[in-house]
$ cat entry_5.tsv   # TSV, C-alpha atoms
chain	number	residue	atom	x	y	z
A	382	MET	CA	33.39	6.09	-22.31
A	383	SER	CA	30.92	8.66	-21.01
A	384	ASN	CA	32.28	11.96	-19.77
A	385	LYS	CA	29.03	12.90	-17.98
A	386	PRO	CA	29.25	13.75	-14.27
A	387	GLU	CA	28.74	10.69	-12.13
A	388	GLU	CA	25.87	10.54	-9.67
A	389	SER	CA	25.42	8.19	-6.75
A	390	LYS	CA	23.05	5.35	-7.61
A	391	ALA	CA	21.31	3.18	-5.07
A	392	ALA	CA	21.95	-0.51	-5.54
A	393	ASP	CA	18.98	-2.62	-6.70
A	394	THR	CA	19.90	-5.24	-4.14
A	395	ASP	CA	21.97	-5.29	-1.00
A	396	PRO	CA	25.19	-7.21	-1.86
A	397	GLN	CA	25.62	-8.11	1.78
A	398	SER	CA	22.36	-10.06	1.65
A	399	ARG	CA	23.91	-12.65	-0.65
A	400	PRO	CA	25.50	-15.59	1.21
A	401	ASP	CA	28.57	-15.58	-1.07
A	402	ALA	CA	29.04	-11.83	-0.96
A	403	VAL	CA	32.49	-10.42	-0.26
A	404	LYS	CA	32.72	-7.10	1.54
A	405	GLU	CA	33.27	-4.39	-1.03
A	406	VAL	CA	36.27	-2.10	-0.54
A	407	ASP	CA	35.85	1.59	-1.35
A	408	ALA	CA	38.93	1.88	-3.58
A	409	TYR	CA	38.68	5.68	-3.66
A	410	SER	CA	38.90	5.93	0.13
A	411	GLU	CA	41.26	2.98	0.58
A	412	TYR	CA	43.88	3.90	-2.02
A	413	LEU	CA	43.39	7.63	-2.71
A	414	GLN	CA	42.35	8.65	0.83
A	415	LEU	CA	39.32	10.54	-0.50
A	416	ALA	CA	36.55	11.60	1.86
A	417	GLU	CA	33.38	9.55	1.85
A	418	GLY	CA	30.76	10.68	-0.66
A	419	HIS	CA	29.23	9.83	-4.03
A	420	ARG	CA	30.82	6.87	-5.77
A	421	PRO	CA	32.28	7.13	-8.24
A	422	PRO	CA	33.26	10.71	-7.35
A	423	HIS	CA	33.13	13.49	-9.91
A	424	LEU	CA	36.43	14.36	-11.58
A	425	TYR	CA	37.40	17.19	-9.23
A	426	GLN	CA	36.71	15.06	-6.15
A	427	LEU	CA	38.70	12.28	-7.78
A	428	LEU	CA	41.74	14.53	-8.20
A	429	ASP	CA	41.19	16.13	-4.76
A	430	ILE	CA	41.26	19.67	-6.16
A	431	GLU	CA	38.90	22.63	-6.05
A	432	LEU	CA	35.67	22.51	-8.05
A	433	PHE	CA	35.99	23.77	-11.66
A	434	CYS	CA	39.78	24.22	-11.17
A	435	PRO	CA	40.95	26.50	-14.03
A	436	HIS	CA	44.69	25.75	-13.80
A	437	PRO	CA	45.92	23.02	-16.25
A	438	GLU	CA	49.20	22.71	-14.38
A	439	ARG	CA	47.41	22.10	-11.08
A	440	ILE	CA	45.14	19.53	-12.76
A	441	ASN	CA	48.10	17.63	-14.20
A	442	GLN	CA	49.94	17.84	-10.90
A	443	ALA	CA	46.91	16.27	-9.19
A	444	VAL	CA	46.69	13.55	-11.86
A	445	ARG	CA	50.33	12.61	-11.27
A	446	ARG	CA	49.81	12.59	-7.51
A	447	GLN	CA	46.75	10.31	-7.67
A	448	PHE	CA	48.50	7.90	-10.04
A	449	ARG	CA	51.48	7.73	-7.66
A	450	LYS	CA	49.17	6.90	-4.77
A	451	ILE	CA	47.41	4.00	-6.44
A	452	LYS	CA	50.08	2.42	-8.67
A	453	PRO	CA	51.83	0.52	-5.82
A	454	TYR	CA	48.63	-1.51	-5.38
A	455	GLU	CA	48.00	-2.52	-9.02
A	456	GLU	CA	49.83	-5.85	-8.57
A	457	ASN	CA	47.60	-6.92	-5.68
A	458	PRO	CA	47.29	-10.74	-5.62
A	459	ASP	CA	43.47	-10.51	-5.32
A	460	ARG	CA	41.99	-10.29	-8.83
A	461	ARG	CA	38.92	-8.40	-7.61
A	462	VAL	CA	41.11	-5.76	-5.96
A	463	ARG	CA	43.18	-5.42	-9.14
A	464	GLU	CA	39.99	-4.87	-11.13
A	465	ARG	CA	38.82	-2.14	-8.74
A	466	ILE	CA	42.22	-0.45	-8.91
A	467	GLN	CA	42.19	-0.61	-12.72
A	468	ASP	CA	38.75	1.02	-12.72
A	469	VAL	CA	40.08	3.87	-10.56
A	470	MET	CA	43.16	4.30	-12.77
A	471	THR	CA	40.91	4.45	-15.85
A	472	HIS	CA	38.82	7.08	-14.05
A	473	ILE	CA	41.96	9.17	-13.37
A	474	ALA	CA	43.01	8.86	-17.02
A	475	THR	CA	39.54	10.07	-18.04
A	476	ALA	CA	39.91	13.08	-15.73
A	477	LYS	CA	43.22	13.96	-17.37
A	478	THR	CA	41.71	13.76	-20.87
A	479	VAL	CA	38.51	15.66	-20.12
A	480	LEU	CA	39.90	18.42	-17.91
A	481	ASN	CA	42.82	19.15	-20.25
A	482	ASN	CA	40.53	19.65	-23.25
A	483	PRO	CA	38.96	23.15	-23.03
A	484	VAL	CA	35.83	22.16	-24.96
A	485	GLN	CA	35.25	18.92	-23.03
A	486	LYS	CA	36.03	20.64	-19.71
A	487	LYS	CA	33.49	23.41	-20.35
A	488	GLU	CA	30.78	20.86	-21.27
A	489	TYR	CA	31.66	18.71	-18.25
A	490	ASP	CA	31.64	21.70	-15.89
A	491	GLU	CA	28.22	22.80	-17.14
A	492	ARG	CA	26.72	19.33	-16.66
A	493	LEU	CA	28.33	18.97	-13.23
A	494	ALA	CA	27.01	22.36	-12.14
A	495	LYS	CA	23.47	21.21	-13.00
A	496	VAL	CA	23.92	17.96	-11.05
A	497	LEU	CA	25.28	19.83	-8.03
A	498	LYS	CA	22.71	22.64	-8.44
A	499	ILE	CA	25.44	25.28	-8.49
A	500	ASN	CA	25.51	28.48	-10.53
A	501	ARG	CA	28.85	27.86	-12.20
A	502	ASP	CA	29.43	31.47	-13.30
A	503	GLU	CA	28.82	32.85	-9.81
A	504	TYR	CA	31.04	30.18	-8.30
A	505	LEU	CA	33.88	30.96	-10.71
A	506	MET	CA	33.55	34.68	-9.97
A	507	THR	CA	34.10	34.02	-6.26
A	508	ARG	CA	37.10	31.83	-7.10
A	509	THR	CA	38.51	34.47	-9.45
A	510	ALA	CA	38.32	36.99	-6.63
A	511	ALA	CA	40.76	34.85	-4.65
A	512	ARG	CA	44.44	35.69	-5.02
A	513	PRO	CA	45.97	33.68	-7.90
A	514	PRO	CA	49.30	31.87	-7.50
A	515	GLU	CA	52.28	34.19	-7.92
A	516	PHE	CA	55.21	31.86	-7.22
A	517	CYS	CA	56.31	28.37	-8.16
A	518	ILE	CA	59.07	25.86	-7.56
A	519	THR	CA	60.81	23.99	-10.39
A	520	VAL	CA	62.96	20.87	-10.07
A	521	ILE	CA	66.12	21.75	-12.02
A	522	ALA	CA	68.39	18.85	-11.04
A	523	GLY	CA	67.95	15.35	-9.68
A	524	PRO	CA	67.31	11.73	-10.66
A	525	ALA	CA	63.60	12.37	-11.47
A	526	GLN	CA	60.95	15.09	-11.90
A	527	VAL	CA	63.50	17.43	-13.54
A	528	GLY	CA	61.74	20.25	-15.36
A	529	SER	CA	58.51	19.77	-13.37
A	530	ARG	CA	56.98	23.00	-12.09
A	531	PHE	CA	54.63	23.27	-9.12
A	532	GLU	CA	52.58	26.39	-8.45
A	533	LEU	CA	52.40	27.59	-4.85
A	534	LEU	CA	48.74	28.21	-4.09
A	535	PRO	CA	47.77	30.64	-1.30
A	536	ASP	CA	46.70	28.92	1.93
A	537	GLN	CA	47.96	25.51	0.77
A	538	MET	CA	51.07	23.85	2.17
A	539	VAL	CA	53.43	22.11	-0.25
A	540	THR	CA	55.16	18.97	1.01
A	541	LEU	CA	58.34	17.48	-0.47
A	542	GLY	CA	59.68	13.96	0.07
A	543	THR	CA	59.65	10.39	-1.20
A	544	SER	CA	56.12	9.54	-0.06
A	545	SER	CA	53.49	9.28	-2.80
A	546	HIS	CA	51.28	11.43	-0.56
A	547	THR	CA	53.58	14.47	-0.77
A	548	THR	CA	52.78	17.34	-3.14
A	549	VAL	CA	56.18	16.96	-4.80
A	550	CYS	CA	57.26	13.32	-4.80
A	551	LEU	CA	61.06	13.03	-5.19
A	552	PRO	CA	62.17	9.39	-5.52
A	553	SER	CA	65.53	8.84	-3.82
A	554	LEU	CA	67.18	6.62	-1.23
A	555	ARG	CA	68.75	9.71	0.34
A	556	LEU	CA	65.53	11.57	1.13
A	557	ALA	CA	62.99	11.07	3.90
A	558	LYS	CA	59.31	10.35	3.27
A	559	LEU	CA	58.72	13.96	4.31
A	560	GLN	CA	61.84	16.07	3.80
A	561	ALA	CA	60.53	19.64	3.86
A	562	THR	CA	57.43	21.83	3.70
A	563	ILE	CA	56.72	25.16	2.02
A	564	ASP	CA	53.90	27.38	3.21
A	565	GLU	CA	52.91	31.03	3.24
A	566	ARG	CA	53.40	33.12	6.36
A	567	ASP	CA	52.72	36.85	6.54
A	568	ASP	CA	52.82	37.22	2.73
A	569	HIS	CA	56.12	35.33	2.45
A	570	TRP	CA	56.81	31.75	1.38
A	571	VAL	CA	58.86	29.82	3.93
A	572	ILE	CA	60.60	26.47	3.45
A	573	LYS	CA	61.18	24.39	6.57
A	574	SER	CA	62.99	21.10	7.08
A	575	ALA	CA	60.64	18.40	8.39
A	576	ASP	CA	63.25	17.35	10.96
A	577	ASN	CA	66.37	18.94	12.38
A	578	SER	CA	68.44	15.91	11.40
A	579	LEU	CA	67.59	16.27	7.68
A	580	VAL	CA	69.84	18.13	5.27
A	581	MET	CA	68.44	21.25	3.60
A	582	ILE	CA	70.62	23.83	1.86
A	583	VAL	CA	69.37	27.16	0.50
A	584	ASN	CA	71.73	29.27	-1.62
A	585	ASP	CA	74.68	27.09	-0.52
A	586	THR	CA	73.95	27.62	3.18
A	587	ARG	CA	72.70	24.80	5.38
A	588	CYS	CA	69.59	25.76	7.35
A	589	GLN	CA	66.41	24.44	8.94
A	590	GLU	CA	64.10	27.25	7.82
A	591	HIS	CA	64.35	30.00	5.22
A	592	VAL	CA	62.15	32.83	3.93
A	593	LEU	CA	62.24	32.40	0.16
A	594	GLU	CA	63.01	35.09	-2.41
A	595	PRO	CA	62.74	34.73	-6.22
A	596	GLY	CA	65.87	33.07	-7.55
A	597	ASP	CA	66.61	31.12	-4.37
A	598	VAL	CA	67.99	27.63	-4.96
A	599	ILE	CA	67.08	24.79	-2.61
A	600	ASP	CA	69.14	21.60	-2.28
A	601	LEU	CA	67.48	18.54	-0.78
A	602	VAL	CA	70.22	15.85	-0.86
A	603	GLY	CA	70.06	14.82	-4.51
A	604	TYR	CA	67.60	17.38	-5.84
A	605	ARG	CA	67.98	21.06	-6.70
A	606	ILE	CA	64.85	23.22	-6.76
A	607	LEU	CA	64.41	26.80	-7.98
A	608	PHE	CA	61.95	29.22	-6.36
A	609	SER	CA	60.71	31.84	-8.82
A	610	GLU	CA	57.89	34.16	-9.82
A	611	ILE	CA	55.39	32.70	-12.26
A	612	ALA	CA	55.24	35.93	-14.24
A	613	ALA	CA	59.03	36.24	-14.54
A	614	PRO	CA	60.08	36.52	-18.22
A	615	ALA	CA	61.64	33.35	-19.61
A	616	ARG	CA	65.09	33.46	-21.17
A	617	LYS	CA	65.44	32.82	-24.86
A	618	ALA	CA	66.02	29.14	-25.66
A	619	SER	CA	69.18	29.99	-27.60
A	620	SER	CA	70.82	31.40	-24.47
A	621	ILE	CA	70.44	28.29	-22.33
A	622	PRO	CA	72.01	24.84	-22.68
A	623	PRO	CA	69.89	21.78	-23.50
A	624	PRO	CA	68.83	19.39	-20.71
A	625	LEU	CA	71.75	17.29	-19.47
A	626	SER	CA	71.96	13.79	-18.00
A	627	LEU	CA	74.95	12.21	-16.25
A	628	VAL	CA	74.82	8.42	-16.06
A	629	VAL	CA	77.13	6.17	-14.02
A	630	HIS	CA	78.27	3.40	-16.38
A	631	SER	CA	80.68	1.69	-14.01
A	632	GLY	CA	81.86	2.03	-10.44
A	633	PRO	CA	80.65	1.30	-6.91
A	634	SER	CA	76.92	1.23	-6.21
A	635	VAL	CA	75.36	4.66	-5.56
A	636	PRO	CA	71.86	5.66	-4.36
A	637	ASP	CA	71.15	7.60	-7.56
A	638	PRO	CA	73.17	6.50	-10.62
A	639	LEU	CA	71.43	9.13	-12.77
A	640	MET	CA	71.56	12.91	-12.43
A	641	ASN	CA	69.37	15.03	-14.71
A	642	MET	CA	69.55	18.80	-14.88
A	643	VAL	CA	68.18	21.82	-16.67
A	644	SER	CA	69.53	25.37	-16.59
A	645	PRO	CA	70.25	27.16	-14.29
A	646	ALA	CA	71.25	24.11	-12.27
A	647	THR	CA	74.68	23.78	-10.71
A	648	VAL	CA	75.56	20.29	-9.49
A	649	LEU	CA	78.25	19.61	-6.91
A	650	ILE	CA	79.69	16.10	-7.23
A	651	GLY	CA	81.53	14.61	-4.26
A	652	SER	CA	81.47	12.23	-1.33
A	653	CYS	CA	80.18	14.65	1.35
A	654	ASP	CA	76.59	14.35	2.55
A	655	THR	CA	75.75	17.81	1.22
A	656	ALA	CA	76.91	17.08	-2.35
A	657	LEU	CA	73.94	17.25	-4.69
A	658	TRP	CA	75.22	14.14	-6.49
A	659	GLN	CA	76.89	11.97	-3.88
A	660	LEU	CA	79.41	9.42	-5.22
A	661	MET	CA	81.06	7.37	-2.51
A	662	GLY	CA	84.31	5.58	-3.25
A	663	LYS	CA	88.07	5.65	-2.93
A	664	GLY	CA	89.47	8.56	-4.90
A	665	VAL	CA	86.37	10.75	-4.67
A	666	SER	CA	87.01	13.98	-2.78
A	667	LEU	CA	84.43	15.59	-0.50
A	668	HIS	CA	83.97	18.35	-3.10
A	669	HIS	CA	85.36	16.74	-6.25
A	670	ALA	CA	83.84	18.48	-9.30
A	671	ARG	CA	81.03	20.75	-10.39
A	672	VAL	CA	78.84	20.84	-13.49
A	673	GLU	CA	77.19	24.18	-14.22
A	674	ALA	CA	75.47	26.10	-17.00
A	675	ASP	CA	77.77	28.50	-18.87
A	676	GLY	CA	75.83	30.46	-21.48
A	677	ALA	CA	74.49	27.96	-24.02
A	678	PHE	CA	76.79	25.17	-22.77
A	679	TRP	CA	77.43	22.94	-19.76
A	680	GLN	CA	80.85	23.19	-18.14
A	681	LEU	CA	82.71	20.66	-15.99
A	682	ARG	CA	85.07	22.05	-13.34
A	683	ASP	CA	87.47	20.11	-11.14
A	684	LEU	CA	87.47	21.48	-7.59
A	685	ARG	CA	91.13	20.78	-6.81
A	686	SER	CA	90.25	17.18	-6.07
A	687	ASP	CA	92.90	14.79	-4.73
A	688	THR	CA	92.82	12.45	-7.73
A	689	GLY	CA	91.70	14.83	-10.46
A	690	THR	CA	88.90	14.71	-13.02
A	691	MET	CA	89.30	13.08	-16.44
A	692	LEU	CA	87.30	13.92	-19.56
A	693	ASN	CA	87.63	11.53	-22.50
A	694	GLY	CA	90.93	10.29	-21.08
A	695	ASP	CA	92.48	13.70	-20.44
A	696	LYS	CA	92.88	15.36	-17.06
A	697	VAL	CA	91.01	18.68	-17.01
A	698	SER	CA	90.54	21.61	-14.68
A	699	GLN	CA	87.55	22.85	-16.65
A	700	SER	CA	85.99	21.94	-19.99
A	701	ILE	CA	82.77	22.31	-22.01
A	702	LEU	CA	80.74	19.09	-22.11
A	703	SER	CA	79.50	17.47	-25.32
A	704	HIS	CA	77.08	14.63	-26.01
A	705	ARG	CA	78.60	11.19	-25.30
A	706	ASP	CA	81.61	12.60	-23.42
A	707	VAL	CA	82.99	10.26	-20.76
A	708	ILE	CA	83.95	11.60	-17.33
A	709	ASN	CA	86.23	9.56	-15.05
A	710	LEU	CA	86.03	10.58	-11.43
A	711	GLY	CA	87.69	8.32	-8.88
A	712	PRO	CA	86.42	4.77	-9.57
A	713	TYR	CA	83.43	6.02	-11.60
A	714	GLU	CA	82.93	6.19	-15.35
A	715	ILE	CA	80.15	8.63	-16.21
A	716	GLN	CA	78.59	9.23	-19.61
A	717	VAL	CA	77.27	12.65	-20.67
A	718	ARG	CA	73.96	12.85	-22.52
A	719	LEU	CA	72.61	16.08	-23.99
A	720	ARG	CA	68.96	16.13	-25.06
A	721	LYS	CA	68.17	18.53	-27.93
$ encode --input "entry_5.tsv" --output "structure tokens"
Amino acid sequence: MSNKPEESKAADTDPQSRPDAVKEVDAYSEYLQLAEGHRPPHLYQLLDIELFCPHPERINQAVRRQFRKIKPYEENPDRRVRERIQDVMTHIATAKTVLNNPVQKKEYDERLAKVLKINRDEYLMTRTAARPPEFCITVIAGPAQVGSRFELLPDQMVTLGTSSHTTVCLPSLRLAKLQATIDERDDHWVIKSADNSLVMIVNDTRCQEHVLEPGDVIDLVGYRILFSEIAAPARKASSIPPPLSLVVHSGPSVPDPLMNMVSPATVLIGSCDTALWQLMGKGVSLHHARVEADGAFWQLRDLRSDTGTMLNGDKVSQSILSHRDVINLGPYEIQVRLRK
């Protein structure tokens, strides 16, 4: 597979002049919502990011976003459409490989600069002069995306929701297609609920809009997100617990039977609509139990629930969790999984 920059090529013949011709669909515009232009687009156009983007995390974030957009269409009943979609997916995979390899990326950028007749060094100098990202958000609890970090780029709004077109796609039956937005205003990052009827909690307080400070924790019904500085020093691995998963093994149906978390997540379990992990059923209190990081361990706490919380058959008020522990909470049996 060639990694050279793609250039637009005029067709030798007009396909529409053939009597059996079928109107071609521009898969890049149709499924990735890219602006019209050269086809196939170069790798930065394909990922819908800035030219010569130097940030690996932003590149990978864009790769994931473009895959999410196109994957729902890969089972199209029309074979020709499936083939076009597969070509685009292969193109995205190529972008991931090339742009994540420093040597290949440098060679690609140099060739692309020649095709576009751009002085790459001068262009990069102007980009370097722009203010680099200083803050990020990290998903620390939820059924998916846990551990994923997203840089907040100046002058670019971040959208959160279940839609594949959002910046941060959070699969869940409890969330809206667009749940919230984060953008910069007067040198501050502000999170705003997309609708007054949607639940958003920041630092345990329900709100519609909040000016973010490093360390703030955002709850979006089923997901917990940490706002932090990119340059903040990381804690030593020995002082934090390993990633934790809670899995419903039996009990009534729930929107999200899996809850993943990484430190410093704290997960409220209960039947209220603001509980991060909502378990509906007889015997589940509004605020039933909480799982939180405690040094290098995860701790389960009962919150004076009506029916109590059981761990491995014993009623507990608080206890350290271990791999393969079984929590009984109302009608639910939940298995604990720790990932080393």
$ atom_distance --input "entry_5.tsv" --atom1 "atom CA of Arg682 of chain A" --atom2 "atom CA of Ala670 of chain A"
5.5 Å
$ residues_around --input "entry_5.tsv" --residues "segment 684-699 of chain A" --least-positions-apart "2" --cutoff "8 Å" --atoms "all atoms listed in the file" --output "NGL selection string"
:A and (664-666 or 668-671 or 680-682 or 701 or 706-711)
$ residues_around --input "entry_5.tsv" --residues "segment 641-646 of chain A" --least-positions-apart "4" --cutoff "9 Å" --atoms "only C-alpha atoms" --output "CSV table (one decimal) with C-alpha atoms, in the coordinates of the input"
chain,number,residue,atom,x,y,z
A,520,VAL,CA,63.0,20.9,-10.1
A,521,ILE,CA,66.1,21.8,-12.0
A,522,ALA,CA,68.4,18.8,-11.0
A,523,GLY,CA,68.0,15.4,-9.7
A,524,PRO,CA,67.3,11.7,-10.7
A,525,ALA,CA,63.6,12.4,-11.5
A,526,GLN,CA,61.0,15.1,-11.9
A,527,VAL,CA,63.5,17.4,-13.5
A,528,GLY,CA,61.7,20.2,-15.4
A,598,VAL,CA,68.0,27.6,-5.0
A,605,ARG,CA,68.0,21.1,-6.7
A,606,ILE,CA,64.8,23.2,-6.8
A,607,LEU,CA,64.4,26.8,-8.0
A,621,ILE,CA,70.4,28.3,-22.3
A,622,PRO,CA,72.0,24.8,-22.7
A,623,PRO,CA,69.9,21.8,-23.5
A,624,PRO,CA,68.8,19.4,-20.7
A,625,LEU,CA,71.8,17.3,-19.5
A,626,SER,CA,72.0,13.8,-18.0
A,627,LEU,CA,75.0,12.2,-16.2
A,628,VAL,CA,74.8,8.4,-16.1
A,672,VAL,CA,78.8,20.8,-13.5
A,673,GLU,CA,77.2,24.2,-14.2
A,674,ALA,CA,75.5,26.1,-17.0
A,675,ASP,CA,77.8,28.5,-18.9
A,679,TRP,CA,77.4,22.9,-19.8
$ atom_distance --input "entry_5.tsv" --atom1 "atom CA of Pro458 of chain A" --atom2 "atom CA of Met470 of chain A"
17.2 Å
$ closest_residue --input "entry_5.tsv" --among "A:Ser609, A:Thr519, A:Ile499, A:Val549" --to "Leu432 of chain A" --atoms "all atoms listed in the file"
A:Ile499
$ atom_distance --input "entry_5.tsv" --atom1 "atom CA of Leu559 of chain A" --atom2 "atom CA of Thr547 of chain A"
7.2 Å
$ residues_around --input "entry_5.tsv" --residues "segment 434-440 of chain A" --least-positions-apart "5" --cutoff "9 Å" --atoms "only C-alpha atoms" --output "mmCIF file with C-alpha atoms, keeping the file's coordinate frame"
data_model
loop_
_atom_site.group_PDB
_atom_site.id
_atom_site.type_symbol
_atom_site.label_atom_id
_atom_site.label_comp_id
_atom_site.auth_asym_id
_atom_site.auth_seq_id
_atom_site.Cartn_x
_atom_site.Cartn_y
_atom_site.Cartn_z
ATOM 1 C CA TYR A 425 37.400 17.190 -9.230
ATOM 2 C CA LEU A 428 41.740 14.530 -8.200
ATOM 3 C CA ARG A 445 50.330 12.610 -11.270
ATOM 4 C CA ALA A 476 39.910 13.080 -15.730
ATOM 5 C CA LYS A 477 43.220 13.960 -17.370
ATOM 6 C CA LEU A 480 39.900 18.420 -17.910
ATOM 7 C CA ASN A 481 42.820 19.150 -20.250
ATOM 8 C CA LEU A 505 33.880 30.960 -10.710
ATOM 9 C CA ARG A 530 56.980 23.000 -12.090
ATOM 10 C CA PHE A 531 54.630 23.270 -9.120
ATOM 11 C CA GLU A 532 52.580 26.390 -8.450
#
$ closest_residue --input "entry_5.tsv" --among "A:Pro453, A:Gly542, A:Gly418, A:Gly662" --to "Leu554 of chain A" --atoms "only C-alpha atoms"
A:Gly542
$ closest_residue --input "entry_5.tsv" --among "A:Ile582, A:Val629, A:Ile611, A:Leu639" --to "Ile518 of chain A" --atoms "all atoms listed in the file"
A:Ile611
$ residues_around --input "entry_5.tsv" --residues "Pro535 of chain A" --least-positions-apart "5" --cutoff "12 Å" --atoms "only C-alpha atoms" --output "PDB file with C-alpha atoms, keeping the file's coordinate frame"
ATOM      1  CA  ALA A 511      40.760  34.850  -4.650  1.00  0.00           C
ATOM      2  CA  ARG A 512      44.440  35.690  -5.020  1.00  0.00           C
ATOM      3  CA  PRO A 513      45.970  33.680  -7.900  1.00  0.00           C
ATOM      4  CA  PRO A 514      49.300  31.870  -7.500  1.00  0.00           C
ATOM      5  CA  GLU A 515      52.280  34.190  -7.920  1.00  0.00           C
ATOM      6  CA  PHE A 516      55.210  31.860  -7.220  1.00  0.00           C
ATOM      7  CA  CYS A 517      56.310  28.370  -8.160  1.00  0.00           C
ATOM      8  CA  ILE A 563      56.720  25.160   2.020  1.00  0.00           C
ATOM      9  CA  ASP A 564      53.900  27.380   3.210  1.00  0.00           C
ATOM     10  CA  GLU A 565      52.910  31.030   3.240  1.00  0.00           C
ATOM     11  CA  ARG A 566      53.400  33.120   6.360  1.00  0.00           C
ATOM     12  CA  ASP A 567      52.720  36.850   6.540  1.00  0.00           C
ATOM     13  CA  ASP A 568      52.820  37.220   2.730  1.00  0.00           C
ATOM     14  CA  HIS A 569      56.120  35.330   2.450  1.00  0.00           C
ATOM     15  CA  TRP A 570      56.810  31.750   1.380  1.00  0.00           C
TER      16      TRP A 570
END
$ closest_residue --input "entry_5.tsv" --among "A:Glu594, A:Ala612, A:Leu424, A:Gln447" --to "Lys486 of chain A" --atoms "all atoms listed in the file"
A:Leu424
$ residues_around --input "entry_5.tsv" --residues "Leu413 of chain A" --least-positions-apart "6" --cutoff "12 Å" --atoms "all atoms listed in the file" --output "mmCIF file with C-alpha atoms, in the coordinates of the input"
data_model
loop_
_atom_site.group_PDB
_atom_site.id
_atom_site.type_symbol
_atom_site.label_atom_id
_atom_site.label_comp_id
_atom_site.auth_asym_id
_atom_site.auth_seq_id
_atom_site.Cartn_x
_atom_site.Cartn_y
_atom_site.Cartn_z
ATOM 1 C CA ASP A 407 35.850 1.590 -1.350
ATOM 2 C CA PRO A 422 33.260 10.710 -7.350
ATOM 3 C CA GLN A 426 36.710 15.060 -6.150
ATOM 4 C CA LEU A 427 38.700 12.280 -7.780
ATOM 5 C CA LEU A 428 41.740 14.530 -8.200
ATOM 6 C CA ASP A 429 41.190 16.130 -4.760
ATOM 7 C CA ALA A 443 46.910 16.270 -9.190
ATOM 8 C CA VAL A 444 46.690 13.550 -11.860
ATOM 9 C CA ARG A 446 49.810 12.590 -7.510
ATOM 10 C CA GLN A 447 46.750 10.310 -7.670
ATOM 11 C CA PHE A 448 48.500 7.900 -10.040
ATOM 12 C CA ARG A 449 51.480 7.730 -7.660
ATOM 13 C CA LYS A 450 49.170 6.900 -4.770
ATOM 14 C CA ILE A 451 47.410 4.000 -6.440
ATOM 15 C CA LYS A 452 50.080 2.420 -8.670
ATOM 16 C CA PRO A 453 51.830 0.520 -5.820
ATOM 17 C CA TYR A 454 48.630 -1.510 -5.380
ATOM 18 C CA ILE A 466 42.220 -0.450 -8.910
ATOM 19 C CA VAL A 469 40.080 3.870 -10.560
ATOM 20 C CA MET A 470 43.160 4.300 -12.770
ATOM 21 C CA ILE A 473 41.960 9.170 -13.370
ATOM 22 C CA SER A 545 53.490 9.280 -2.800
ATOM 23 C CA HIS A 546 51.280 11.430 -0.560
#
$ closest_residue --input "entry_5.tsv" --among "A:Gln659, A:Leu579, A:Pro552, A:Pro483" --to "Ser634 of chain A" --atoms "only C-alpha atoms"
A:Gln659
$ closest_residue --input "entry_5.tsv" --among "A:Ser574, A:Thr540, A:Thr471, A:Ser620" --to "Leu601 of chain A" --atoms "all atoms listed in the file"
A:Ser574
